[in-house]
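Next comes final_12.cif, with mmCIF, C-alpha atoms.
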data_entry
#
loop_
_atom_site.label_atom_id
_atom_site.label_comp_id
_atom_site.auth_asym_id
_atom_site.auth_seq_id
_atom_site.Cartn_x
_atom_site.Cartn_y
_atom_site.Cartn_z
CA MET U 1 -34.37 -5.59 -25.65
CA LYS U 2 -31.75 -2.88 -26.04
CA PRO U 3 -28.10 -3.65 -25.26
CA ALA U 4 -27.28 -2.67 -21.69
CA ILE U 5 -24.46 -2.82 -19.13
CA HIS U 6 -25.55 -3.76 -15.62
CA ILE U 7 -23.23 -2.77 -12.74
CA HIS U 8 -24.19 -3.89 -9.24
CA PRO U 9 -23.81 -2.14 -6.93
CA GLU U 10 -23.32 1.21 -8.67
CA THR U 11 -21.43 2.74 -5.73
CA ILE U 12 -18.81 0.80 -3.76
CA LEU U 13 -15.69 1.21 -1.65
CA LEU U 14 -12.50 0.97 -3.67
CA ASP U 15 -11.64 -2.46 -2.24
CA GLN U 16 -15.04 -4.04 -2.91
CA HIS U 17 -15.99 -6.05 -5.99
CA VAL U 18 -18.92 -5.61 -8.33
CA SER U 19 -21.03 -7.68 -10.70
CA ILE U 20 -20.83 -6.72 -14.38
CA ARG U 21 -23.28 -8.19 -16.88
CA LEU U 22 -24.17 -7.34 -20.47
CA THR U 23 -27.63 -8.06 -21.88
CA GLY U 24 -29.60 -7.48 -25.08
CA PHE U 25 -27.04 -8.66 -27.65
CA GLN U 26 -27.35 -11.17 -30.46
CA PRO U 27 -26.33 -14.73 -29.55
CA GLY U 28 -22.69 -15.33 -30.51
CA GLU U 29 -22.15 -11.64 -31.23
CA PRO U 30 -18.68 -10.23 -30.39
CA VAL U 31 -19.01 -7.47 -27.80
CA THR U 32 -16.19 -5.22 -26.64
CA ILE U 33 -16.46 -3.68 -23.19
CA ARG U 34 -14.10 -0.87 -22.25
CA ALA U 35 -13.42 0.65 -18.84
CA THR U 36 -11.94 4.09 -18.22
CA ASN U 37 -10.85 5.20 -14.76
CA SER U 38 -10.57 8.75 -13.46
CA GLY U 39 -9.99 10.18 -10.02
CA MET U 40 -7.65 9.25 -7.18
CA LEU U 41 -7.34 10.33 -3.56
CA GLY U 42 -4.69 13.03 -3.40
CA GLY U 43 -3.61 12.64 -7.02
CA GLU U 44 -4.54 11.89 -10.59
CA LEU U 45 -5.02 8.54 -12.30
CA GLU U 46 -6.11 7.88 -15.85
CA ALA U 47 -6.23 4.30 -17.04
CA THR U 48 -8.14 2.10 -19.48
CA SER U 49 -8.82 -1.59 -20.14
CA TYR U 50 -10.93 -3.67 -22.48
CA ALA U 51 -12.18 -7.20 -23.11
CA VAL U 52 -13.96 -8.88 -26.02
CA PHE U 53 -16.65 -11.47 -25.34
CA LEU U 54 -19.01 -13.62 -27.37
CA ALA U 55 -22.58 -13.23 -26.18
CA ASP U 56 -24.12 -16.50 -24.97
CA SER U 57 -27.21 -18.18 -26.42
CA ASP U 58 -29.43 -15.67 -24.60
CA GLY U 59 -27.42 -12.68 -25.83
CA ASN U 60 -25.82 -12.08 -22.41
CA VAL U 61 -22.29 -11.79 -21.04
CA ASP U 62 -21.35 -12.36 -17.39
CA LEU U 63 -17.79 -11.25 -16.62
CA ALA U 64 -17.69 -13.46 -13.52
CA THR U 65 -18.06 -16.68 -15.51
CA GLN U 66 -16.94 -15.93 -19.08
CA ALA U 67 -13.40 -15.59 -20.37
CA PRO U 68 -12.67 -12.85 -22.92
CA THR U 69 -11.53 -13.89 -26.38
CA GLU U 70 -9.03 -11.03 -26.21
CA GLY U 71 -8.32 -8.03 -24.04
CA THR U 72 -6.15 -6.75 -21.21
CA TYR U 73 -6.83 -9.90 -19.16
CA ARG U 74 -7.63 -13.53 -20.06
CA ASP U 75 -9.53 -15.53 -17.46
CA PRO U 76 -13.07 -15.15 -16.06
CA ASP U 77 -12.82 -12.40 -13.48
CA PRO U 78 -15.51 -9.91 -12.44
CA MET U 79 -12.77 -7.39 -11.55
CA GLY U 80 -10.39 -8.13 -14.42
CA LEU U 81 -11.15 -4.82 -16.12
CA PHE U 82 -9.96 -2.99 -12.99
CA TRP U 83 -6.53 -4.47 -12.21
CA SER U 84 -5.60 -4.93 -15.90
CA MET U 85 -5.98 -1.24 -16.74
CA LYS U 86 -3.10 0.34 -18.65
CA VAL U 87 -2.10 3.54 -16.88
CA SER U 88 -1.65 6.60 -19.08
CA LYS U 89 -1.37 9.15 -16.28
CA LEU U 90 -0.41 8.75 -12.64
CA ARG U 91 0.60 11.79 -10.65
CA PHE U 92 0.64 12.76 -7.02
CA HIS U 93 0.54 16.41 -6.15
CA LEU U 94 3.60 17.54 -4.21
CA PHE U 95 3.05 20.09 -1.46
CA ASN U 96 5.12 21.42 1.41
CA GLN U 97 2.22 22.31 3.71
CA LEU U 98 -0.31 19.92 5.19
CA GLU U 99 -3.23 22.24 4.48
CA GLN U 100 -2.32 22.11 0.78
CA VAL U 101 -2.41 18.30 0.62
CA PRO U 102 -5.78 17.42 -0.92
CA CYS U 103 -8.07 14.87 0.60
CA SER U 104 -10.02 14.67 -2.60
CA PRO U 105 -11.54 13.42 -4.67
CA ARG U 106 -13.21 11.21 -2.09
CA SER U 107 -14.41 9.11 -5.00
CA GLY U 108 -13.51 8.25 -8.55
CA ALA U 109 -15.56 7.16 -11.55
CA VAL U 110 -15.14 4.19 -13.85
CA THR U 111 -16.97 4.59 -17.14
CA PHE U 112 -17.95 1.49 -19.13
CA THR U 113 -18.92 1.30 -22.78
CA ALA U 114 -20.06 -1.67 -24.85
CA GLU U 115 -19.25 -1.74 -28.56
CA VAL U 116 -20.49 -3.84 -31.46
CA ALA U 117 -18.63 -3.52 -34.77
CA GLY U 118 -16.87 -0.42 -33.48
CA GLU U 119 -20.07 1.38 -32.48
CA VAL U 120 -20.90 2.22 -28.86
CA VAL U 121 -24.29 0.72 -28.04
CA ALA U 122 -24.41 0.95 -24.25
CA HIS U 123 -22.69 2.69 -21.38
CA ALA U 124 -22.70 2.69 -17.57
CA GLU U 125 -20.79 4.31 -14.71
CA LEU U 126 -19.50 3.04 -11.39
CA THR U 127 -18.59 5.27 -8.44
CA ARG U 128 -15.70 4.00 -6.32
CA LEU U 129 -15.24 5.52 -2.87
CA PHE U 130 -11.92 5.99 -1.11
CA LEU U 131 -13.84 7.06 1.98
CA SER U 132 -17.26 5.91 3.08
CA PRO U 133 -19.68 8.85 3.44
CA ASP U 134 -19.46 8.91 7.25
CA VAL U 135 -15.65 9.21 7.40
CA GLU U 136 -14.33 12.58 8.51
CA THR U 137 -10.77 13.91 8.34
CA ARG U 138 -8.81 16.06 10.73
CA ASP U 139 -5.39 17.58 10.12
CA VAL U 140 -2.99 17.09 13.01
CA LEU U 141 -0.23 19.64 13.57
CA GLU U 142 0.40 19.30 17.28
CA ASN U 143 3.52 18.82 19.38
CA GLY U 144 5.64 18.60 16.24
CA ILE U 145 3.75 15.78 14.51
CA VAL U 146 2.31 16.06 11.01
CA GLY U 147 -0.59 13.83 10.07
CA ARG U 148 -4.17 13.45 8.98
CA PHE U 149 -6.68 11.54 11.09
CA PHE U 150 -9.48 9.55 9.45
CA SER U 151 -12.47 8.34 11.46
CA SER U 152 -16.22 7.86 11.54
CA PRO U 153 -18.46 8.51 14.55
CA GLN U 154 -19.12 4.78 14.85
CA SER U 155 -15.41 3.89 14.77
CA LEU U 156 -14.65 6.39 17.53
CA SER U 157 -17.27 4.86 19.81
CA SER U 158 -16.19 1.25 19.21
CA ASP U 159 -13.34 -0.77 20.74
CA SER U 160 -11.62 -1.46 17.43
CA PRO U 161 -7.85 -0.92 17.10
CA ILE U 162 -6.52 2.50 16.08
CA LEU U 163 -3.98 2.52 13.28
CA ILE U 164 -0.95 4.60 12.45
CA THR U 165 -0.21 4.32 8.72
CA LEU U 166 3.20 5.07 7.21
CA SER U 167 4.12 5.79 3.60
CA GLY U 168 7.18 4.36 1.88
CA SER U 169 10.29 6.17 0.69
CA GLU U 170 8.14 8.64 -1.27
CA GLY U 171 7.42 10.35 2.04
CA GLY U 172 4.62 12.78 2.75
CA LEU U 173 1.08 11.51 3.21
CA HIS U 174 0.07 10.23 -0.23
CA THR U 175 0.21 6.47 0.28
CA SER U 176 -0.44 6.52 4.01
CA SER U 177 -3.60 8.62 3.50
CA GLN U 178 -4.99 6.14 0.98
CA PHE U 179 -4.62 3.27 3.41
CA ALA U 180 -5.89 5.34 6.33
CA ALA U 181 -8.99 6.30 4.33
CA LEU U 182 -9.82 2.68 3.59
CA TYR U 183 -9.13 1.53 7.14
CA ALA U 184 -11.43 4.23 8.49
CA SER U 185 -14.08 3.20 5.97
CA HIS U 186 -13.93 -0.30 7.48
CA GLY U 187 -14.38 1.03 11.01
CA TYR U 188 -10.76 1.47 12.12
CA PRO U 189 -9.71 5.03 13.01
CA ALA U 190 -6.37 5.75 11.37
CA LEU U 191 -3.72 8.44 11.66
CA ALA U 192 -1.75 8.86 8.44
CA LEU U 193 1.58 10.02 9.82
CA ALA U 194 4.21 11.80 7.74
CA TYR U 195 7.77 11.25 8.91
CA TYR U 196 9.64 13.27 6.32
CA ASN U 197 9.16 15.51 3.29
CA LEU U 198 6.27 17.61 4.61
CA GLU U 199 5.97 20.79 6.71
CA HIS U 200 8.95 21.18 9.10
CA LEU U 201 9.93 17.51 8.83
CA PRO U 202 13.31 16.45 7.38
CA GLN U 203 13.70 16.49 3.61
CA GLU U 204 15.68 13.25 3.66
CA ILE U 205 15.59 10.01 5.62
CA ARG U 206 18.51 10.64 7.93
CA ASN U 207 18.54 9.63 11.61
CA ILE U 208 14.84 10.38 12.00
CA PRO U 209 14.08 10.19 15.75
CA LEU U 210 11.76 7.39 16.80
CA GLU U 211 10.58 9.77 19.50
CA TYR U 212 8.70 11.61 16.76
CA ALA U 213 6.41 8.61 16.19
CA HIS U 214 6.09 8.20 19.95
CA LYS U 215 4.59 11.70 20.04
CA ALA U 216 1.95 10.47 17.60
CA MET U 217 1.12 7.58 19.94
CA GLU U 218 0.84 10.02 22.83
CA TRP U 219 -1.50 12.16 20.75
CA ILE U 220 -3.75 9.16 20.14
CA LYS U 221 -3.66 8.16 23.81
CA GLY U 222 -4.65 11.69 24.77
CA GLN U 223 -7.84 11.66 22.70
CA PRO U 224 -11.17 10.93 24.43
CA PHE U 225 -11.90 8.08 22.02
CA PHE U 226 -8.74 6.15 22.98
CA ARG U 227 -10.01 4.36 26.12
CA SER U 228 -6.99 2.00 26.24
CA ARG U 229 -7.65 0.67 22.73
CA LYS U 230 -4.88 -1.10 20.87
CA ILE U 231 -2.57 0.89 18.61
CA VAL U 232 -1.49 -0.95 15.46
CA VAL U 233 1.16 0.35 13.07
CA PHE U 234 0.89 -0.33 9.34
CA GLY U 235 3.68 0.41 6.90
CA ARG U 236 4.66 -0.38 3.34
CA SER U 237 8.21 -0.66 2.00
CA LYS U 238 10.37 1.86 3.91
CA GLY U 239 7.35 2.52 6.10
CA ALA U 240 7.22 -1.20 6.90
CA GLU U 241 10.82 -1.04 8.11
CA LEU U 242 9.85 1.88 10.36
CA ALA U 243 6.71 0.08 11.57
CA LEU U 244 8.77 -2.91 12.70
CA VAL U 245 11.37 -0.71 14.38
CA LEU U 246 8.64 1.19 16.24
CA GLY U 247 6.94 -2.01 17.32
CA ALA U 248 10.23 -3.37 18.64
CA THR U 249 10.91 -0.14 20.55
CA PHE U 250 7.61 0.93 22.08
CA PRO U 251 5.45 -1.57 24.02
CA GLN U 252 2.43 0.73 23.55
CA ILE U 253 2.14 -0.73 20.05
CA GLY U 254 -0.12 -3.78 20.15
CA GLY U 255 0.41 -5.10 16.61
CA VAL U 256 2.35 -4.49 13.40
CA ILE U 257 1.42 -4.99 9.75
CA ALA U 258 4.52 -4.82 7.53
CA SER U 259 4.08 -5.01 3.75
CA SER U 260 7.21 -5.57 1.63
CA PRO U 261 9.50 -4.97 4.62
CA THR U 262 13.14 -5.53 5.46
CA SER U 263 14.38 -7.35 8.55
CA THR U 264 17.16 -4.81 9.11
CA VAL U 265 17.57 -1.10 9.53
CA CYS U 266 18.75 0.10 6.13
CA ILE U 267 20.80 3.06 5.04
CA GLY U 268 19.02 6.40 4.92
CA SER U 269 20.87 9.24 3.26
CA SER U 270 24.38 8.62 1.96
CA THR U 271 25.57 12.03 3.18
CA ALA U 272 25.65 13.98 6.41
CA GLU U 273 23.44 17.03 6.72
CA ASP U 274 26.43 19.39 6.94
CA ALA U 275 28.38 17.67 4.13
CA PRO U 276 25.96 17.02 1.26
CA ASP U 277 28.74 16.45 -1.28
CA VAL U 278 30.73 13.94 0.75
CA TYR U 279 29.87 10.25 1.01
CA CYS U 280 28.93 9.62 4.61
CA PRO U 281 26.29 6.89 5.08
CA GLN U 282 23.62 7.61 7.66
CA SER U 283 21.19 5.42 9.53
CA SER U 284 17.53 5.90 8.70
CA TRP U 285 16.46 6.15 12.34
CA SER U 286 17.77 7.26 15.71
CA TYR U 287 16.66 6.73 19.29
CA GLN U 288 17.66 8.65 22.41
CA GLY U 289 20.06 10.68 20.32
CA LYS U 290 21.93 7.73 18.84
CA PRO U 291 21.68 6.35 15.26
CA LEU U 292 20.34 2.80 15.08
CA PRO U 293 22.79 0.21 13.70
CA PHE U 294 22.18 -0.12 9.96
CA ILE U 295 23.35 -1.72 6.72
CA PRO U 296 25.87 0.78 5.24
CA LEU U 297 26.04 0.50 1.47
CA THR U 298 29.39 1.39 -0.02
CA GLU U 299 29.81 4.52 -2.09
CA GLU U 300 30.01 2.35 -5.22
CA GLN U 301 26.78 0.59 -4.26
CA CYS U 302 25.06 3.94 -3.70
CA MET U 303 26.20 5.12 -7.13
CA GLU U 304 24.98 1.89 -8.72
CA PHE U 305 21.69 2.25 -6.84
CA ARG U 306 21.10 5.75 -8.23
CA LYS U 307 22.11 4.69 -11.73
CA ASN U 308 19.71 1.74 -11.67
CA LEU U 309 16.87 3.96 -10.48
CA GLU U 310 17.50 6.42 -13.29
CA GLU U 311 17.46 3.57 -15.81
CA GLY U 312 14.45 1.83 -14.27
CA LYS U 313 16.43 -1.26 -13.27
CA ARG U 314 15.87 -3.38 -10.17
CA VAL U 315 17.96 -2.68 -7.08
CA ASP U 316 17.14 -5.66 -4.86
CA ALA U 317 20.52 -7.31 -5.46
CA ILE U 318 22.27 -4.23 -4.06
CA HIS U 319 20.22 -4.43 -0.88
CA GLY U 320 20.55 -8.21 -0.85
CA ALA U 321 24.34 -8.09 -0.79
CA CYS U 322 24.11 -7.68 2.97
CA PHE U 323 23.13 -11.35 3.29
CA SER U 324 26.74 -12.33 2.59
CA ASP U 325 27.91 -10.59 5.78
CA GLN U 326 26.20 -12.35 8.66
CA ILE U 327 27.87 -10.23 11.32
CA MET U 328 26.72 -6.97 9.75
CA LEU U 329 23.30 -8.47 9.06
CA GLU U 330 22.79 -9.45 12.66
CA HIS U 331 24.16 -6.13 13.91
CA ALA U 332 21.51 -4.22 11.97
CA SER U 333 18.63 -6.68 12.51
CA ILE U 334 15.39 -5.37 13.94
CA PRO U 335 14.63 -7.15 17.25
CA VAL U 336 11.12 -8.08 16.18
CA GLU U 337 10.77 -10.49 19.09
CA LYS U 338 10.21 -7.42 21.29
CA ILE U 339 6.99 -6.47 19.51
CA ASN U 340 4.16 -6.48 22.04
CA GLY U 341 1.48 -8.03 19.88
CA PRO U 342 0.72 -10.08 16.77
CA LEU U 343 2.60 -9.55 13.54
CA LEU U 344 1.49 -9.76 9.90
CA LEU U 345 4.29 -9.91 7.30
CA ILE U 346 3.61 -9.56 3.57
CA SER U 347 6.34 -10.31 1.03
CA SER U 348 7.01 -11.39 -2.54
CA ASP U 349 9.76 -13.32 -4.32
CA ASP U 350 10.15 -10.89 -7.26
CA ASP U 351 10.48 -7.70 -5.24
CA HIS U 352 12.66 -5.36 -7.33
CA TRP U 353 13.48 -3.02 -4.41
CA TRP U 354 14.81 -5.44 -1.81
CA PRO U 355 14.50 -9.18 -1.12
CA SER U 356 11.45 -8.87 1.11
CA SER U 357 10.74 -12.60 1.01
CA LEU U 358 14.17 -13.46 2.45
CA HIS U 359 13.87 -10.70 5.02
CA CYS U 360 10.49 -11.99 6.20
CA LYS U 361 11.77 -15.55 6.45
CA ARG U 362 14.63 -14.25 8.62
CA MET U 363 12.14 -12.56 10.92
CA VAL U 364 9.95 -15.66 11.17
CA GLN U 365 13.01 -17.72 12.11
CA ARG U 366 14.11 -15.13 14.63
CA LEU U 367 10.68 -15.10 16.25
CA ALA U 368 10.72 -18.89 16.55
CA GLU U 369 14.19 -18.84 18.13
CA HIS U 370 13.02 -16.32 20.71
CA GLU U 371 9.73 -18.18 21.33
CA PHE U 372 7.65 -15.18 20.32
CA PRO U 373 4.50 -15.29 22.48
CA HIS U 374 2.20 -13.71 19.89
CA SER U 375 0.96 -14.88 16.52
CA CYS U 376 2.90 -14.20 13.34
CA LEU U 377 1.41 -14.70 9.90
CA HIS U 378 3.75 -14.50 6.92
CA LEU U 379 2.10 -14.15 3.51
CA ASP U 380 4.75 -14.86 0.86
CA TYR U 381 3.58 -14.48 -2.74
CA GLN U 382 5.23 -16.09 -5.76
CA ASP U 383 6.00 -14.19 -8.97
CA VAL U 384 4.74 -11.02 -7.34
CA GLY U 385 6.45 -7.64 -7.14
CA HIS U 386 7.04 -4.93 -4.56
CA GLY U 387 3.82 -2.95 -4.92
CA ILE U 388 1.32 -5.05 -2.96
CA ARG U 389 -1.39 -2.57 -2.04
CA PHE U 390 -5.18 -2.85 -1.83
CA PRO U 391 -7.31 -4.75 -4.36
CA TYR U 392 -8.83 -3.74 -7.68
CA ILE U 393 -6.41 -1.01 -8.71
CA PRO U 394 -4.15 -1.25 -11.79
CA THR U 395 -1.23 -3.64 -11.28
CA THR U 396 0.22 -3.41 -14.80
CA ASN U 397 3.12 -1.08 -14.00
CA LEU U 398 5.85 -3.67 -13.55
CA ARG U 399 8.85 -1.37 -13.96
CA MET U 400 10.73 -1.13 -10.65
CA ASN U 401 8.10 -3.39 -9.17
CA GLY U 402 8.21 -6.95 -10.52
CA GLY U 403 5.84 -9.88 -10.78
CA THR U 404 3.00 -10.10 -13.27
CA ALA U 405 -0.13 -7.97 -13.39
CA LYS U 406 -2.38 -10.96 -12.65
CA ASN U 407 -0.28 -12.26 -9.76
CA ASN U 408 0.16 -8.79 -8.30
CA ALA U 409 -3.61 -8.33 -8.39
CA HIS U 410 -4.13 -11.64 -6.60
CA ALA U 411 -1.60 -10.72 -3.91
CA ALA U 412 -3.26 -7.35 -3.34
CA LYS U 413 -6.70 -8.93 -2.97
CA ASP U 414 -5.58 -11.85 -0.83
CA SER U 415 -3.34 -9.84 1.51
CA TRP U 416 -6.02 -7.19 2.01
CA HIS U 417 -8.52 -9.81 3.16
CA HIS U 418 -5.90 -11.11 5.61
CA ILE U 419 -5.21 -7.58 6.87
CA LEU U 420 -8.88 -6.96 7.61
CA ALA U 421 -9.15 -10.36 9.31
CA PHE U 422 -6.00 -9.57 11.33
CA LEU U 423 -7.54 -6.33 12.59
CA GLU U 424 -10.89 -7.96 13.34
CA GLN U 425 -9.19 -10.48 15.63
CA LEU U 426 -7.44 -7.83 17.76
#
Go through the file and emit its structure as structure tokens.
Amino acid sequence: MKPAIHIHPETILLDQHVSIRLTGFQPGEPVTIRATNSGMLGGELEATSYAVFLADSDGNVDLATQAPTEGTYRDPDPMGLFWSMKVSKLRFHLFNQLEQVPCSPRSGAVTFTAEVAGEVVAHAELTRLFLSPDVETRDVLENGIVGRFFSSPQSLSSDSPILITLSGSEGGLHTSSQFAALYASHGYPALALAYYNLEHLPQEIRNIPLEYAHKAMEWIKGQPFFRSRKIVVFGRSKGAELALVLGATFPQIGGVIASSPTSTVCIGSSTAEDAPDVYCPQSSWSYQGKPLPFIPLTEEQCMEFRKNLEEGKRVDAIHGACFSDQIMLEHASIPVEKINGPLLLISSDDDHWWPSSLHCKRMVQRLAEHEFPHSCLHLDYQDVGHGIRFPYIPTTNLRMNGGTAKNNAHAAKDSWHHILAFLEQL
């Protein structure tokens, strides 16, 4: 029997797991399996991983049950080669116009090779889909909103919730489109909504009107597939802050998923639009023409923040300083008790951007004090960093993130299962 790598299934959604088995080797023979990733929705990703195994008495290796003797991960794990990849290239394409923002590749390839004594003896390839084949996309440039809508014919005819997905402080549609693509692939129509840094939208987060997101809700409600379905807002990081603020402002929102959020409105730009060289802290959001109360970092804190970012150092302590001023903290707190539906909070204790775990605990306490009538699930992960996304993508970039690669991978997998269960129950 020739050496072979067996991948099952050979085509999967990005968030699904596979079975990887090696056969046809000599019993006790060291076998090195390497994985190389290429392709990413709206950007470029190149990453590699490896693991060395001893073939069992039948000359086989099962990654689900066997631990590598060395490699980029240690314990038995059928998806260990995926999250433990070392990233050599990660780049999002920056565009000013929505039509220029790619919605491709819809899939990426992972190439596997098996080596014995430095010689490649077998290879295989796995196709990972960001979008299931039936998902279609539609650019939305109507009534001032900028977004991309992901849906399948089946999802439009069902009664499942409709999502609005929000990127973090990177802006644009990169992150929000990735989540929207996966949600749509699971049967949930999703509008990836840009709120700055694309088309005519602001170039900085400075008093962005909440009415803008309300226009997106009105667009959804005006579509023939709406039929009084629930609208759920999902956001990560800065987008999670916005998701909570929107949920607390507009009763049309029937649920919020906030990943690595803050419990307060935070500072946006540190300058006014007409005085870019003068320190003048601005709220991130506004409503009915008025800035929302926010946590105003001092000029020295803003300078330290920028310096730390340039040096790749954590900035959570700068954000966390607000906890020493209870009056200011309460003044800027998001009234999450006003959210008209269930809430899912995802946080970590080694978040290098802001203390999301403490912020989530504040919100849970606030909800209890106000006898929140809906469910609230708080997932709080230990020794995990800021970048909790979807499962089976590299989690080894710990700079300005935190945690460990293994724990970050667990949090991504576990939280994603909870997110899908959360949506299924709506």
Item checked: the PyMOL selection byres ((chain U and resi 118-131) around 7) resolved against shown file, as a VMD selection string -> chain U and resid 3 to 5 10 to 14 41 106 to 117 132 to 133 135 181 to 182 185
Item checked: Spatial neighbours of region 195-206 of chain U, 6 Å, only C-alpha atoms, chain gap at least 5 places, as a PyMOL selection string -> chain U and resi 96-97+171-172+268-269+282+284
Determine, using all atoms listed in the file, which residues of region 217-310 of chain U have any atom at most 8 Å from an atom of region 364-388 of chain U, and tabulate each with its shortest atom pair and distance in Å to one decimal place, rows ordered by chain and then rising number, as JSON lines.
{"residue": "U:Ser237", "atom": "CA", "partner": "U:His386", "partner_atom": "CA", "distance": 7.9}
{"residue": "U:Ser259", "atom": "CA", "partner": "U:Ile388", "partner_atom": "CA", "distance": 7.3}
{"residue": "U:Ser260", "atom": "CA", "partner": "U:His386", "partner_atom": "CA", "distance": 6.2}
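You will find CA of Ala67 (chain U) at 19.3 Å from CA of Thr395 (chain U).
Our summary of the geometry notes that CA of Leu173 (chain U) is positioned 11.1 Å from CA of Phe149 (chain U).
Closest to Asn207 (chain U) among U:Gly222, U:Pro293, U:Gly39, U:Pro261 is U:Pro293, based on all atoms listed in the file.
Here the question is which of U:Val140, U:Ala35, U:Glu170, U:Tyr50 gets nearest to Leu94 (chain U) using all atoms listed in the file, and that residue is U:Glu170.
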List the residues selected by the PyMOL selection byres ((chain U and resi 281) around 6) in the file shown, writing them as a compact mmCIF listing (two decimals) with C-alpha atoms, in the frame of the given file.
# COMPACT_ATOMS: atom_id res chain seq x y z
CA SER U 270 24.38 8.62 1.96
CA THR U 271 25.57 12.03 3.18
CA CYS U 280 28.93 9.62 4.61
CA GLN U 282 23.62 7.61 7.66
Note to self: Show me the residues close to (1.8, 0.3, 8.0) - anything with an atom within 12 Å, counting all atoms listed in the file - and format the list as a VMD selection string.
What the structure shows: chain U and resid 162 to 168 175 to 180 183 190 to 194 231 to 247 255 to 261 343 to 346 389 419
Check: Quick one: residues within 9 Å of Glu46 (chain U), only C-alpha atoms counted, chain neighbours fewer than 6 positions away excluded, as JSON, numbers by chain?
Finding: {"U": [36, 37, 38, 39, 40, 86, 87, 88, 89, 90]}
Note to self: Which residues would end up in the selection if the PyMOL selection byres ((chain U and resi 226) around 10) were applied here, given that I need the answer as a VMD selection string?
What the structure shows: chain U and resid 156 to 162 219 to 225 227 to 231
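Between Ala47 (chain U) and the residues U:His359, U:Gln16, U:Met85, U:Phe25, the shortest atom-to-atom distance, using only C-alpha atoms, involves U:Met85.
Here CA of Trp353 (chain U) is placed at a distance of 13.5 Å from CA of Cys302 (chain U).
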Next item on the list: Please identify all polymer residues lying at most 6 Å from the point (0.8, 16.6, 7.7) (file coordinates), using only C-alpha atoms, and present the result as a count of residues only.
Entry: 4
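Taking only C-alpha atoms into account, Thr65 (chain U) lies nearest to U:Asp77 out of the set U:Asp77, U:Glu211, U:Glu330, U:Asp414.
Using only C-alpha atoms for every distance, the candidate list U:Val265, U:Asp134, U:Val101, U:Ala213 yields U:Val265 as the residue closest to Ser283 (chain U).
Comparing the minimum interatomic distances between Met303 (chain U) and each of U:Ala184, U:Val61, U:Met79, U:Val315, counting all atoms listed in the file, we find that U:Val315 sits nearest.
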Check: Could you pull the residues within 12 Å of Cys322 (chain U), counting only C-alpha atoms, minus those fewer than 2 positions along the same chain, as a ChimeraX atom specification?
Finding: /U:262-267,294-298,301,316-320,324-333,354-355,358-359
If we count all atoms listed in the file and set the cut-off at 8 Å, which residues sit around Ser155 (chain U), ignoring sequence neighbours fewer than 6 positions away in its own chain? Please answer as a PDB file with C-alpha atoms, in the frame of the given file.
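Below is the file that was written, out.pdb:
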ATOM      1  CA  ALA U 184     -11.430   4.230   8.490  1.00  0.00           C
ATOM      2  CA  GLY U 187     -14.380   1.030  11.010  1.00  0.00           C
ATOM      3  CA  TYR U 188     -10.760   1.470  12.120  1.00  0.00           C
ATOM      4  CA  PRO U 189      -9.710   5.030  13.010  1.00  0.00           C
TER       5      PRO U 189
END
